[in-house]
>>> print(open('target-v3.tsv').read())   # TSV, C-alpha atoms
chain	number	residue	atom	x	y	z
A	8	MET	CA	-196.90	268.32	-234.92
A	9	GLU	CA	-195.95	271.87	-233.98
A	10	ARG	CA	-197.06	271.22	-230.42
A	11	LEU	CA	-194.87	268.11	-230.28
A	12	VAL	CA	-191.88	270.08	-231.56
A	13	SER	CA	-192.47	272.81	-228.96
A	14	VAL	CA	-192.72	270.24	-226.13
A	15	ALA	CA	-189.62	268.33	-227.22
A	16	PRO	CA	-187.09	270.76	-225.67
A	17	ILE	CA	-188.93	270.61	-222.34
A	18	VAL	CA	-189.00	266.81	-222.41
A	19	MET	CA	-185.30	266.71	-223.31
A	20	SER	CA	-184.50	269.13	-220.49
A	21	VAL	CA	-186.42	267.06	-217.96
A	22	LEU	CA	-184.69	263.88	-219.15
A	23	ALA	CA	-181.28	265.55	-218.98
A	24	LEU	CA	-182.05	266.75	-215.45
A	25	ALA	CA	-183.16	263.25	-214.40
A	26	VAL	CA	-179.99	261.71	-215.84
A	27	SER	CA	-177.84	264.37	-214.14
A	28	ILE	CA	-179.49	263.75	-210.76
A	29	THR	CA	-179.09	259.98	-211.16
A	30	VAL	CA	-175.40	260.31	-212.04
A	31	PHE	CA	-174.85	262.70	-209.13
A	32	CYS	CA	-176.50	260.31	-206.66
A	33	LEU	CA	-174.58	257.30	-207.97
A	34	GLN	CA	-171.31	259.23	-207.77
A	35	ARG	CA	-172.00	260.30	-204.18
A	36	THR	CA	-172.79	256.72	-203.20
A	37	HIS	CA	-169.62	255.51	-204.90
A	38	ASP	CA	-167.50	258.23	-203.27
A	39	ARG	CA	-168.91	257.44	-199.83
A	40	ARG	CA	-168.22	253.74	-200.31
A	41	VAL	CA	-164.64	254.41	-201.45
A	42	ARG	CA	-164.02	256.74	-198.48
A	43	GLY	CA	-165.38	254.05	-196.17
A	44	TYR	CA	-163.04	251.41	-197.59
A	45	GLN	CA	-160.07	253.78	-197.43
A	46	SER	CA	-160.86	254.62	-193.81
A	47	GLU	CA	-161.22	250.98	-192.86
A	48	VAL	CA	-157.86	250.22	-194.48
A	49	GLN	CA	-156.27	253.06	-192.47
A	50	PHE	CA	-157.88	251.91	-189.22
A	51	THR	CA	-156.70	248.35	-189.82
A	52	ALA	CA	-153.17	249.62	-190.50
A	53	TRP	CA	-153.21	251.53	-187.19
A	54	PHE	CA	-154.40	248.41	-185.41
A	55	GLY	CA	-151.54	246.57	-187.09
A	56	ASP	CA	-149.16	249.13	-185.58
A	57	VAL	CA	-150.52	248.33	-182.12
A	58	ASN	CA	-150.12	244.60	-182.75
A	59	ARG	CA	-146.61	245.12	-184.12
A	60	ALA	CA	-145.66	246.96	-180.92
A	61	LEU	CA	-146.96	244.02	-178.88
A	62	ILE	CA	-144.82	241.67	-180.98
A	63	ASP	CA	-141.73	243.86	-180.87
A	64	TYR	CA	-141.97	244.40	-177.10
A	65	PRO	CA	-143.38	241.22	-175.51
A	66	GLU	CA	-143.35	242.87	-172.08
A	67	LEU	CA	-146.29	244.96	-173.31
A	68	TRP	CA	-148.48	241.89	-172.91
A	69	GLU	CA	-148.37	242.81	-169.23
A	70	LEU	CA	-151.08	245.23	-170.29
A	71	TYR	CA	-153.50	242.30	-170.19
A	72	SER	CA	-152.23	240.84	-166.95
A	73	ASN	CA	-154.48	241.50	-164.01
A	74	ASP	CA	-151.94	240.73	-161.35
A	75	ASP	CA	-150.38	243.48	-159.28
A	76	GLN	CA	-146.77	242.78	-160.16
A	77	PRO	CA	-144.82	246.05	-160.36
A	78	LEU	CA	-143.49	247.00	-163.78
A	79	SER	CA	-140.21	248.64	-164.59
A	80	LYS	CA	-140.51	252.36	-165.38
A	81	GLU	CA	-139.64	251.67	-169.03
A	82	THR	CA	-142.30	248.97	-169.37
A	83	GLU	CA	-144.83	251.17	-167.60
A	84	ARG	CA	-144.17	254.01	-170.06
A	85	ARG	CA	-144.43	251.64	-173.02
A	86	VAL	CA	-147.71	250.27	-171.69
A	87	GLN	CA	-149.05	253.81	-171.35
A	88	GLY	CA	-147.87	254.55	-174.88
A	89	ILE	CA	-149.71	251.57	-176.32
A	90	VAL	CA	-152.87	252.58	-174.46
A	91	TYR	CA	-152.62	256.08	-175.95
A	92	MET	CA	-152.08	254.55	-179.40
A	93	GLN	CA	-155.29	252.58	-178.91
A	94	CYS	CA	-157.16	255.64	-177.63
A	95	ASN	CA	-156.02	257.74	-180.59
A	96	MET	CA	-157.10	255.05	-183.01
A	97	PHE	CA	-160.46	254.56	-181.30
A	98	ALA	CA	-161.14	258.31	-181.12
A	99	THR	CA	-160.66	258.52	-184.88
A	100	VAL	CA	-162.79	255.42	-185.50
A	101	CYS	CA	-165.58	256.81	-183.29
A	102	ALA	CA	-165.57	260.15	-185.08
A	103	HIS	CA	-165.58	258.44	-188.49
A	104	TYR	CA	-168.59	256.28	-187.66
A	105	GLY	CA	-170.37	259.08	-185.78
A	106	TYR	CA	-170.25	257.02	-182.57
A	107	GLY	CA	-172.73	254.70	-184.26
A	108	ASP	CA	-175.39	257.44	-184.05
A	109	ARG	CA	-175.48	258.51	-187.67
A	110	ARG	CA	-177.19	256.53	-190.40
A	111	LEU	CA	-174.76	253.82	-191.47
A	112	THR	CA	-174.87	251.48	-194.44
A	113	GLY	CA	-175.04	247.76	-193.70
A	114	LEU	CA	-171.28	247.38	-194.19
A	115	GLU	CA	-170.52	250.47	-192.09
A	116	ARG	CA	-172.76	249.12	-189.30
A	117	GLU	CA	-170.86	245.80	-189.36
A	118	GLN	CA	-167.53	247.62	-189.27
A	119	TRP	CA	-168.65	249.91	-186.45
A	120	ASP	CA	-169.94	246.98	-184.40
A	121	ALA	CA	-166.63	245.13	-184.87
A	122	TRP	CA	-164.62	248.19	-183.77
A	123	ARG	CA	-166.92	248.71	-180.80
A	124	ARG	CA	-166.41	245.09	-179.71
A	125	THR	CA	-162.64	245.53	-180.14
A	126	MET	CA	-162.69	248.66	-177.97
A	127	LEU	CA	-164.68	246.88	-175.31
A	128	SER	CA	-162.43	243.87	-175.33
A	129	LEU	CA	-159.18	245.81	-175.15
A	130	PHE	CA	-160.37	248.19	-172.45
A	131	PHE	CA	-162.50	245.80	-170.47
A	132	GLU	CA	-160.02	242.94	-170.26
A	133	SER	CA	-157.12	245.10	-169.09
A	134	ARG	CA	-157.06	246.65	-165.64
A	135	MET	CA	-154.01	248.68	-166.67
A	136	THR	CA	-155.78	250.10	-169.71
A	137	ARG	CA	-158.71	251.18	-167.54
A	138	THR	CA	-156.30	252.75	-165.05
A	139	VAL	CA	-154.50	254.73	-167.76
A	140	TRP	CA	-157.86	255.75	-169.26
A	141	GLN	CA	-159.11	257.02	-165.90
A	142	SER	CA	-156.04	259.26	-165.43
A	143	SER	CA	-156.67	262.96	-165.75
A	144	PHE	CA	-153.90	263.20	-168.37
A	145	ALA	CA	-155.71	260.82	-170.71
A	146	ARG	CA	-159.15	262.28	-170.14
A	147	ARG	CA	-158.22	265.91	-170.79
A	148	HIS	CA	-156.50	265.11	-174.10
A	149	TYR	CA	-159.53	263.66	-175.85
A	150	HIS	CA	-162.70	265.21	-177.20
A	151	LYS	CA	-165.49	265.39	-174.62
A	152	ARG	CA	-167.77	263.22	-176.77
A	153	PHE	CA	-165.14	260.49	-176.97
A	154	VAL	CA	-164.55	260.54	-173.19
A	155	GLU	CA	-168.29	260.32	-172.54
A	156	PHE	CA	-168.68	257.54	-175.10
A	157	MET	CA	-165.83	255.46	-173.63
A	158	ASP	CA	-167.03	256.03	-170.06
A	159	GLY	CA	-170.53	254.88	-171.02
A	160	LEU	CA	-169.22	251.89	-172.93
A	161	LEU	CA	-167.01	250.76	-170.06
A	162	SER	CA	-169.66	251.44	-167.44
A	163	SER	CA	-172.30	249.38	-169.24
A	164	ALA	CA	-169.79	246.59	-169.86
A	165	MET	CA	-168.80	246.48	-166.19
A	166	GLU	CA	-172.45	246.42	-165.13
A	167	SER	CA	-173.16	243.68	-167.65
A	168	ARG	CA	-170.25	241.61	-166.41
A	169	ALA	CA	-171.31	242.05	-162.79
A	170	THR	CA	-174.88	240.93	-163.45
A	171	GLU	CA	-174.24	238.27	-166.08
A	172	GLY	CA	-170.74	237.12	-165.29
A	173	GLY	CA	-169.97	237.16	-169.02
A	174	SER	CA	-167.49	238.99	-171.17
A	175	ALA	CA	-167.58	242.65	-172.09
A	176	THR	CA	-168.27	241.97	-175.73
A	177	GLY	CA	-171.49	240.15	-175.04
A	178	GLN	CA	-169.98	236.86	-176.14
A	179	ALA	CA	-169.41	233.93	-173.82
>>> encode(input="target-v3.tsv", output="structure tokens")
Amino acid sequence: MERLVSVAPIVMSVLALAVSITVFCLQRTHDRRVRGYQSEVQFTAWFGDVNRALIDYPELWELYSNDDQPLSKETERRVQGIVYMQCNMFATVCAHYGYGDRRLTGLEREQWDAWRRTMLSLFFESRMTRTVWQSSFARRHYHKRFVEFMDGLLSSAMESRATEGGSATGQA
């Protein structure tokens, strides 16, 4: 009985440690999930701002026109502004998801894939967006990793389109 009494504090300590570790791990998982949801809400709000600008200024839809009609200086500046809004949003999204390189949960992977397809679609379908992106002004104002990521994304999409004749997002 004395041996049992002398072992009891050790057993209690080990159990307390196990419970503490479990609670810590659960809290970290919960915190990460909450941060992920909060980030996704923020990203969606930013995307809403881009869409709101397209609604408020219908001439910005020229961004997706592939004809060579000249734009007024004001429209041209607004188009550049919306492209920079998109770039800022995508740079933040890429950094948040680690450019898809870091270990993502299932939900994070789905969210990252959706944002990646959105980036491809917006940049690939608009000659003007690609032109603004290729300007030295745009390229020198973004993190090197983001510039390399976007260049690679666009390059592979253009190659894919040339060989397959499909869309940039991989969907027909």
>>> residues_around(input="target-v3.tsv", residues="range 154-164 of chain A", least_positions_apart="3", cutoff="7 Å", atoms="only C-alpha atoms", output="list in words")
Leu127, Phe131, Arg146, Tyr149, His150, Lys151, Ser167, Arg168 and Ala175 of chain A
>>> closest_residue(input="target-v3.tsv", among="A:Ile62, A:Leu111, A:Met126, A:Leu70", to="Asn95 in chain A", atoms="all atoms listed in the file")
A:Met126
>>> atom_distance(input="target-v3.tsv", atom1="CA of His148 in chain A", atom2="CA of Met92 in chain A")
12.6 Å
>>> atom_distance(input="target-v3.tsv", atom1="CA of Phe144 in chain A", atom2="CA of Glu69 in chain A")
21.1 Å
>>> atom_distance(input="target-v3.tsv", atom1="CA of Trp68 in chain A", atom2="CA of Val86 in chain A")
8.5 Å
>>> closest_residue(input="target-v3.tsv", among="A:Trp122, A:Val100, A:Met135, A:Ala169", to="Gln76 in chain A", atoms="all atoms listed in the file")
A:Met135
>>> residues_around(input="target-v3.tsv", residues="Thr99 in chain A", least_positions_apart="5", cutoff="9 Å", atoms="only C-alpha atoms", output="PDB file with C-alpha atoms, in the coordinates of the input")
ATOM      1  CA  PHE A  50    -157.880 251.910-189.220  1.00  0.00           C
ATOM      2  CA  CYS A  94    -157.160 255.640-177.630  1.00  0.00           C
ATOM      3  CA  TYR A 104    -168.590 256.280-187.660  1.00  0.00           C
TER       4      TYR A 104
END
